>>> print(open('entry_33.cif').read())   # mmCIF, C-alpha atoms
data_model
loop_
_atom_site.group_PDB
_atom_site.id
_atom_site.type_symbol
_atom_site.label_atom_id
_atom_site.label_comp_id
_atom_site.auth_asym_id
_atom_site.auth_seq_id
_atom_site.Cartn_x
_atom_site.Cartn_y
_atom_site.Cartn_z
ATOM 1 C CA MET A 1 0.000 0.000 0.000
ATOM 2 C CA LYS A 2 1.278 3.446 -0.853
ATOM 3 C CA GLU A 3 1.465 6.163 1.745
ATOM 4 C CA LYS A 4 -1.778 8.069 2.133
ATOM 5 C CA LEU A 5 -1.965 11.602 3.497
ATOM 6 C CA ILE A 6 -4.332 11.444 6.473
ATOM 7 C CA LYS A 7 -4.080 14.870 8.049
ATOM 8 C CA THR A 8 -2.285 18.211 7.757
ATOM 9 C CA ILE A 9 -1.810 20.315 10.881
ATOM 10 C CA ASP A 10 -0.857 23.997 10.739
ATOM 11 C CA LEU A 11 1.511 24.647 13.620
ATOM 12 C CA GLU A 12 1.810 27.870 15.639
ATOM 13 C CA ASN A 13 5.336 28.421 14.300
ATOM 14 C CA GLY A 14 4.073 28.574 10.699
ATOM 15 C CA LEU A 15 5.089 25.062 9.665
ATOM 16 C CA GLN A 16 2.799 22.316 8.386
ATOM 17 C CA LEU A 17 2.901 18.824 9.857
ATOM 18 C CA ASN A 18 1.712 16.046 7.530
ATOM 19 C CA LEU A 19 0.556 12.665 8.845
ATOM 20 C CA TYR A 20 0.612 9.690 6.471
ATOM 21 C CA ASP A 21 -0.664 6.149 6.742
ATOM 22 C CA GLY A 22 2.062 3.850 5.431
ATOM 23 C CA SER A 23 0.456 0.631 6.661
ATOM 24 C CA ARG A 24 0.775 -2.517 4.602
ATOM 25 C CA LYS A 25 -0.448 -6.068 4.674
ATOM 26 C CA LEU A 26 2.082 -8.648 5.864
ATOM 27 C CA VAL A 27 0.694 -12.188 5.899
ATOM 28 C CA GLY A 28 -2.884 -13.423 5.984
ATOM 29 C CA ASP A 29 -4.893 -10.978 8.069
ATOM 30 C CA ARG A 30 -1.817 -9.392 9.734
ATOM 31 C CA TRP A 31 -0.650 -5.844 9.094
ATOM 32 C CA LEU A 32 2.294 -3.576 9.709
ATOM 33 C CA VAL A 33 0.581 -0.404 10.940
ATOM 34 C CA SER A 34 2.742 2.595 10.119
ATOM 35 C CA LEU A 35 2.403 6.292 10.908
ATOM 36 C CA ILE A 36 4.784 8.575 8.994
ATOM 37 C CA VAL A 37 5.084 12.202 10.053
ATOM 38 C CA ARG A 38 6.771 14.705 7.745
ATOM 39 C CA MET A 39 7.412 18.409 7.760
ATOM 40 C CA ASP A 40 9.461 20.590 5.402
ATOM 41 C CA ILE A 41 11.415 23.294 7.200
ATOM 42 C CA PRO A 42 12.618 26.177 4.977
ATOM 43 C CA VAL A 43 16.213 26.998 5.945
ATOM 44 C CA THR A 44 16.156 30.749 5.252
ATOM 45 C CA GLU A 45 12.850 31.349 7.049
ATOM 46 C CA ALA A 46 13.921 29.397 10.117
ATOM 47 C CA LEU A 47 17.286 31.113 10.443
ATOM 48 C CA LYS A 48 16.332 34.693 9.553
ATOM 49 C CA LYS A 49 15.476 35.637 13.136
ATOM 50 C CA ASP A 50 18.551 36.045 15.304
ATOM 51 C CA SER A 51 20.875 35.336 12.378
ATOM 52 C CA ARG A 52 23.509 37.463 14.134
ATOM 53 C CA GLN A 53 23.866 34.672 16.717
ATOM 54 C CA LEU A 54 24.873 32.108 14.079
ATOM 55 C CA THR A 55 28.534 31.170 13.815
ATOM 56 C CA GLU A 56 27.918 30.088 10.199
ATOM 57 C CA SER A 57 26.189 32.134 7.510
ATOM 58 C CA ILE A 58 22.773 31.153 6.221
ATOM 59 C CA GLY A 59 24.413 30.692 2.815
ATOM 60 C CA GLU A 60 26.897 28.152 4.189
ATOM 61 C CA ILE A 61 24.098 26.206 5.853
ATOM 62 C CA LYS A 62 22.014 26.251 2.649
ATOM 63 C CA ASP A 63 25.027 25.007 0.665
ATOM 64 C CA VAL A 64 25.152 21.929 2.902
ATOM 65 C CA LEU A 65 21.437 21.317 3.517
ATOM 66 C CA GLY A 66 19.667 22.888 0.541
ATOM 67 C CA ASP A 67 16.664 25.195 0.653
ATOM 68 C CA SER A 68 14.729 23.064 3.113
ATOM 69 C CA VAL A 69 15.222 20.248 5.601
ATOM 70 C CA LEU A 70 12.846 17.314 5.922
ATOM 71 C CA PHE A 71 11.756 16.359 9.409
ATOM 72 C CA GLU A 72 10.469 12.772 9.385
ATOM 73 C CA LYS A 73 9.472 10.311 12.082
ATOM 74 C CA LYS A 74 7.949 6.845 11.817
ATOM 75 C CA ARG A 75 5.967 4.959 14.409
ATOM 76 C CA GLU A 76 5.024 1.343 13.743
ATOM 77 C CA LYS A 77 3.224 -1.617 15.213
ATOM 78 C CA ILE A 78 3.837 -4.998 13.644
ATOM 79 C CA PHE A 79 1.661 -8.068 13.187
ATOM 80 C CA ILE A 80 -1.629 -6.323 13.960
ATOM 81 C CA ASP A 81 -4.897 -8.146 13.265
ATOM 82 C CA LYS A 82 -6.882 -6.677 10.360
ATOM 83 C CA THR A 83 -9.828 -5.952 12.680
ATOM 84 C CA LYS A 84 -7.591 -3.882 15.006
ATOM 85 C CA LYS A 85 -5.688 -1.999 12.294
ATOM 86 C CA GLU A 86 -7.683 1.262 12.473
ATOM 87 C CA THR A 87 -7.565 1.343 16.276
ATOM 88 C CA ALA A 88 -3.803 0.720 16.271
ATOM 89 C CA PHE A 89 -3.241 3.514 13.744
ATOM 90 C CA LYS A 90 -5.334 5.955 15.796
ATOM 91 C CA GLU A 91 -3.314 5.032 18.909
ATOM 92 C CA LEU A 92 -0.038 5.728 17.067
ATOM 93 C CA CYS A 93 -1.357 9.131 15.941
ATOM 94 C CA ASP A 94 -2.640 10.050 19.380
ATOM 95 C CA MET A 95 0.588 9.013 21.121
ATOM 96 C CA PHE A 96 2.752 10.962 18.676
ATOM 97 C CA LEU A 97 0.633 14.108 18.776
ATOM 98 C CA ASN A 98 0.273 14.043 22.569
ATOM 99 C CA SER A 99 4.005 13.674 23.100
ATOM 100 C CA SER A 100 5.406 15.827 20.273
ATOM 101 C CA LEU A 101 2.957 18.448 19.021
ATOM 102 C CA ASN A 102 3.788 21.103 21.642
ATOM 103 C CA TYR A 103 7.522 20.701 21.008
ATOM 104 C CA LEU A 104 7.187 20.807 17.212
ATOM 105 C CA SER A 105 4.975 23.920 17.480
ATOM 106 C CA LYS A 106 7.531 25.971 19.423
ATOM 107 C CA GLU A 107 8.928 29.031 17.687
ATOM 108 C CA ILE A 108 12.525 27.869 18.285
ATOM 109 C CA PHE A 109 12.054 24.311 16.925
ATOM 110 C CA PRO A 110 12.772 24.994 13.207
ATOM 111 C CA LYS A 111 16.045 26.799 13.944
ATOM 112 C CA GLN A 112 17.201 24.154 16.438
ATOM 113 C CA TYR A 113 16.367 21.297 14.071
ATOM 114 C CA ILE A 114 18.186 22.903 11.146
ATOM 115 C CA LEU A 115 21.289 23.622 13.213
ATOM 116 C CA LYS A 116 21.269 20.057 14.613
ATOM 117 C CA THR A 117 20.975 18.630 11.093
ATOM 118 C CA TYR A 118 23.742 20.935 9.846
ATOM 119 C CA LYS A 119 26.106 19.835 12.626
ATOM 120 C CA GLU A 120 25.381 16.173 11.828
ATOM 121 C CA GLU A 121 26.287 16.748 8.185
#
>>> encode(input="entry_33.cif", output="structure tokens")
Amino acid sequence: MKEKLIKTIDLENGLQLNLYDGSRKLVGDRWLVSLIVRMDIPVTEALKKDSRQLTESIGEIKDVLGDSVLFEKKREKIFIDKTKKETAFKELCDMFLNSSLNYLSKEIFPKQYILKTYKEE
């Protein structure tokens, strides 16, 4: 099964969080239930504020990372009965949103994520 966009959430920091269902059938009536969360973070927009505090220039960071950085997380449950697939997917969504939505919505998140990704590169 191909990924299916389930929901788009506009965050307080101006970013859009996309939730996808990447579930697929395994064997018989068993499924791999998969939640995929993605968000594009524009480098220039995220770093414009407080750019004086950066030790690197925005141009240097864009040379390494490109115009945007993809934030992606996956949450999965394996070998789920077909009759419990929808419930399992809803639980994955609820758990992710309850634990991460406030953090991802913070004004500082895009800048921190880009700088973390840049340092890893």
>>> atom_distance(input="entry_33.cif", atom1="CA of Lys25 in chain A", atom2="CA of Lys4 in chain A")
14.4 Å
>>> closest_residue(input="entry_33.cif", among="A:Trp31, A:Phe79, A:Phe71, A:Tyr118", to="Asn18 in chain A", atoms="all atoms listed in the file")
A:Phe71
>>> atom_distance(input="entry_33.cif", atom1="CA of Lys62 in chain A", atom2="CA of Val43 in chain A")
6.7 Å
>>> closest_residue(input="entry_33.cif", among="A:Asp94, A:Leu115, A:Phe109, A:Glu121", to="Gln53 in chain A", atoms="all atoms listed in the file")
A:Leu115
>>> residues_near_point(input="entry_33.cif", point="(5.0, 25.1, 15.1)", cutoff="6 Å", atoms="all atoms listed in the file", output="PDB file with C-alpha atoms, in the coordinates of the input")
ATOM      1  CA  LEU A  11       1.511  24.647  13.620  1.00  0.00           C
ATOM      2  CA  GLU A  12       1.810  27.870  15.639  1.00  0.00           C
ATOM      3  CA  ASN A  13       5.336  28.421  14.300  1.00  0.00           C
ATOM      4  CA  GLY A  14       4.073  28.574  10.699  1.00  0.00           C
ATOM      5  CA  LEU A  15       5.089  25.062   9.665  1.00  0.00           C
ATOM      6  CA  LEU A 104       7.187  20.807  17.212  1.00  0.00           C
ATOM      7  CA  SER A 105       4.975  23.920  17.480  1.00  0.00           C
ATOM      8  CA  LYS A 106       7.531  25.971  19.423  1.00  0.00           C
TER       9      LYS A 106
END
>>> residues_near_point(input="entry_33.cif", point="(-0.1, 6.1, 6.4)", cutoff="6 Å", atoms="all atoms listed in the file", output="mmCIF file with C-alpha atoms, keeping the file's coordinate frame")
data_model
loop_
_atom_site.group_PDB
_atom_site.id
_atom_site.type_symbol
_atom_site.label_atom_id
_atom_site.label_comp_id
_atom_site.auth_asym_id
_atom_site.auth_seq_id
_atom_site.Cartn_x
_atom_site.Cartn_y
_atom_site.Cartn_z
ATOM 1 C CA GLU A 3 1.465 6.163 1.745
ATOM 2 C CA LYS A 4 -1.778 8.069 2.133
ATOM 3 C CA TYR A 20 0.612 9.690 6.471
ATOM 4 C CA ASP A 21 -0.664 6.149 6.742
ATOM 5 C CA GLY A 22 2.062 3.850 5.431
ATOM 6 C CA SER A 23 0.456 0.631 6.661
ATOM 7 C CA SER A 34 2.742 2.595 10.119
ATOM 8 C CA LEU A 35 2.403 6.292 10.908
#
>>> closest_residue(input="entry_33.cif", among="A:Lys116, A:Arg30, A:Lys49, A:Lys111", to="Ile78 in chain A", atoms="only C-alpha atoms")
A:Arg30
>>> closest_residue(input="entry_33.cif", among="A:Lys82, A:Lys48, A:Lys119, A:Lys73", to="Leu17 in chain A", atoms="only C-alpha atoms")
A:Lys73
>>> atom_distance(input="entry_33.cif", atom1="CA of Ile9 in chain A", atom2="CA of Glu86 in chain A")
20.0 Å
>>> closest_residue(input="entry_33.cif", among="A:Thr8, A:Ile108, A:Val33, A:Thr55", to="Ala88 in chain A", atoms="all atoms listed in the file")
A:Val33
>>> residues_around(input="entry_33.cif", residues="Leu47 in chain A", least_positions_apart="2", cutoff="12 Å", atoms="only C-alpha atoms", output="PyMOL selection string")
chain A and resi 41-45+49-62+67-68+107-115
>>> decode(input="entry_33.cif", residues="range 13-84 of chain A", atoms="C-alpha atoms", output="PDB file, in the first residue's frame")
ATOM      1  CA  ASN A  13       5.336  28.421  14.300  1.00  0.00           C
ATOM      2  CA  GLY A  14       4.073  28.574  10.699  1.00  0.00           C
ATOM      3  CA  LEU A  15       5.089  25.062   9.665  1.00  0.00           C
ATOM      4  CA  GLN A  16       2.799  22.316   8.386  1.00  0.00           C
ATOM      5  CA  LEU A  17       2.901  18.824   9.857  1.00  0.00           C
ATOM      6  CA  ASN A  18       1.712  16.046   7.530  1.00  0.00           C
ATOM      7  CA  LEU A  19       0.556  12.665   8.845  1.00  0.00           C
ATOM      8  CA  TYR A  20       0.612   9.690   6.471  1.00  0.00           C
ATOM      9  CA  ASP A  21      -0.664   6.149   6.742  1.00  0.00           C
ATOM     10  CA  GLY A  22       2.062   3.850   5.431  1.00  0.00           C
ATOM     11  CA  SER A  23       0.456   0.631   6.661  1.00  0.00           C
ATOM     12  CA  ARG A  24       0.775  -2.517   4.602  1.00  0.00           C
ATOM     13  CA  LYS A  25      -0.448  -6.068   4.674  1.00  0.00           C
ATOM     14  CA  LEU A  26       2.082  -8.648   5.864  1.00  0.00           C
ATOM     15  CA  VAL A  27       0.694 -12.188   5.899  1.00  0.00           C
ATOM     16  CA  GLY A  28      -2.884 -13.423   5.984  1.00  0.00           C
ATOM     17  CA  ASP A  29      -4.893 -10.978   8.069  1.00  0.00           C
ATOM     18  CA  ARG A  30      -1.817  -9.392   9.734  1.00  0.00           C
ATOM     19  CA  TRP A  31      -0.650  -5.844   9.094  1.00  0.00           C
ATOM     20  CA  LEU A  32       2.294  -3.576   9.709  1.00  0.00           C
ATOM     21  CA  VAL A  33       0.581  -0.404  10.940  1.00  0.00           C
ATOM     22  CA  SER A  34       2.742   2.595  10.119  1.00  0.00           C
ATOM     23  CA  LEU A  35       2.403   6.292  10.908  1.00  0.00           C
ATOM     24  CA  ILE A  36       4.784   8.575   8.994  1.00  0.00           C
ATOM     25  CA  VAL A  37       5.084  12.202  10.053  1.00  0.00           C
ATOM     26  CA  ARG A  38       6.771  14.705   7.745  1.00  0.00           C
ATOM     27  CA  MET A  39       7.412  18.409   7.760  1.00  0.00           C
ATOM     28  CA  ASP A  40       9.461  20.590   5.402  1.00  0.00           C
ATOM     29  CA  ILE A  41      11.415  23.294   7.200  1.00  0.00           C
ATOM     30  CA  PRO A  42      12.618  26.177   4.977  1.00  0.00           C
ATOM     31  CA  VAL A  43      16.213  26.998   5.945  1.00  0.00           C
ATOM     32  CA  THR A  44      16.156  30.749   5.252  1.00  0.00           C
ATOM     33  CA  GLU A  45      12.850  31.349   7.049  1.00  0.00           C
ATOM     34  CA  ALA A  46      13.921  29.397  10.117  1.00  0.00           C
ATOM     35  CA  LEU A  47      17.286  31.113  10.443  1.00  0.00           C
ATOM     36  CA  LYS A  48      16.332  34.693   9.553  1.00  0.00           C
ATOM     37  CA  LYS A  49      15.476  35.637  13.136  1.00  0.00           C
ATOM     38  CA  ASP A  50      18.551  36.045  15.304  1.00  0.00           C
ATOM     39  CA  SER A  51      20.875  35.336  12.378  1.00  0.00           C
ATOM     40  CA  ARG A  52      23.509  37.463  14.134  1.00  0.00           C
ATOM     41  CA  GLN A  53      23.866  34.672  16.717  1.00  0.00           C
ATOM     42  CA  LEU A  54      24.873  32.108  14.079  1.00  0.00           C
ATOM     43  CA  THR A  55      28.534  31.170  13.815  1.00  0.00           C
ATOM     44  CA  GLU A  56      27.918  30.088  10.199  1.00  0.00           C
ATOM     45  CA  SER A  57      26.189  32.134   7.510  1.00  0.00           C
ATOM     46  CA  ILE A  58      22.773  31.153   6.221  1.00  0.00           C
ATOM     47  CA  GLY A  59      24.413  30.692   2.815  1.00  0.00           C
ATOM     48  CA  GLU A  60      26.897  28.152   4.189  1.00  0.00           C
ATOM     49  CA  ILE A  61      24.098  26.206   5.853  1.00  0.00           C
ATOM     50  CA  LYS A  62      22.014  26.251   2.649  1.00  0.00           C
ATOM     51  CA  ASP A  63      25.027  25.007   0.665  1.00  0.00           C
ATOM     52  CA  VAL A  64      25.152  21.929   2.902  1.00  0.00           C
ATOM     53  CA  LEU A  65      21.437  21.317   3.517  1.00  0.00           C
ATOM     54  CA  GLY A  66      19.667  22.888   0.541  1.00  0.00           C
ATOM     55  CA  ASP A  67      16.664  25.195   0.653  1.00  0.00           C
ATOM     56  CA  SER A  68      14.729  23.064   3.113  1.00  0.00           C
ATOM     57  CA  VAL A  69      15.222  20.248   5.601  1.00  0.00           C
ATOM     58  CA  LEU A  70      12.846  17.314   5.922  1.00  0.00           C
ATOM     59  CA  PHE A  71      11.756  16.359   9.409  1.00  0.00           C
ATOM     60  CA  GLU A  72      10.469  12.772   9.385  1.00  0.00           C
ATOM     61  CA  LYS A  73       9.472  10.311  12.082  1.00  0.00           C
ATOM     62  CA  LYS A  74       7.949   6.845  11.817  1.00  0.00           C
ATOM     63  CA  ARG A  75       5.967   4.959  14.409  1.00  0.00           C
ATOM     64  CA  GLU A  76       5.024   1.343  13.743  1.00  0.00           C
ATOM     65  CA  LYS A  77       3.224  -1.617  15.213  1.00  0.00           C
ATOM     66  CA  ILE A  78       3.837  -4.998  13.644  1.00  0.00           C
ATOM     67  CA  PHE A  79       1.661  -8.068  13.187  1.00  0.00           C
ATOM     68  CA  ILE A  80      -1.629  -6.323  13.960  1.00  0.00           C
ATOM     69  CA  ASP A  81      -4.897  -8.146  13.265  1.00  0.00           C
ATOM     70  CA  LYS A  82      -6.882  -6.677  10.360  1.00  0.00           C
ATOM     71  CA  THR A  83      -9.828  -5.952  12.680  1.00  0.00           C
ATOM     72  CA  LYS A  84      -7.591  -3.882  15.006  1.00  0.00           C
TER      73      LYS A  84
END
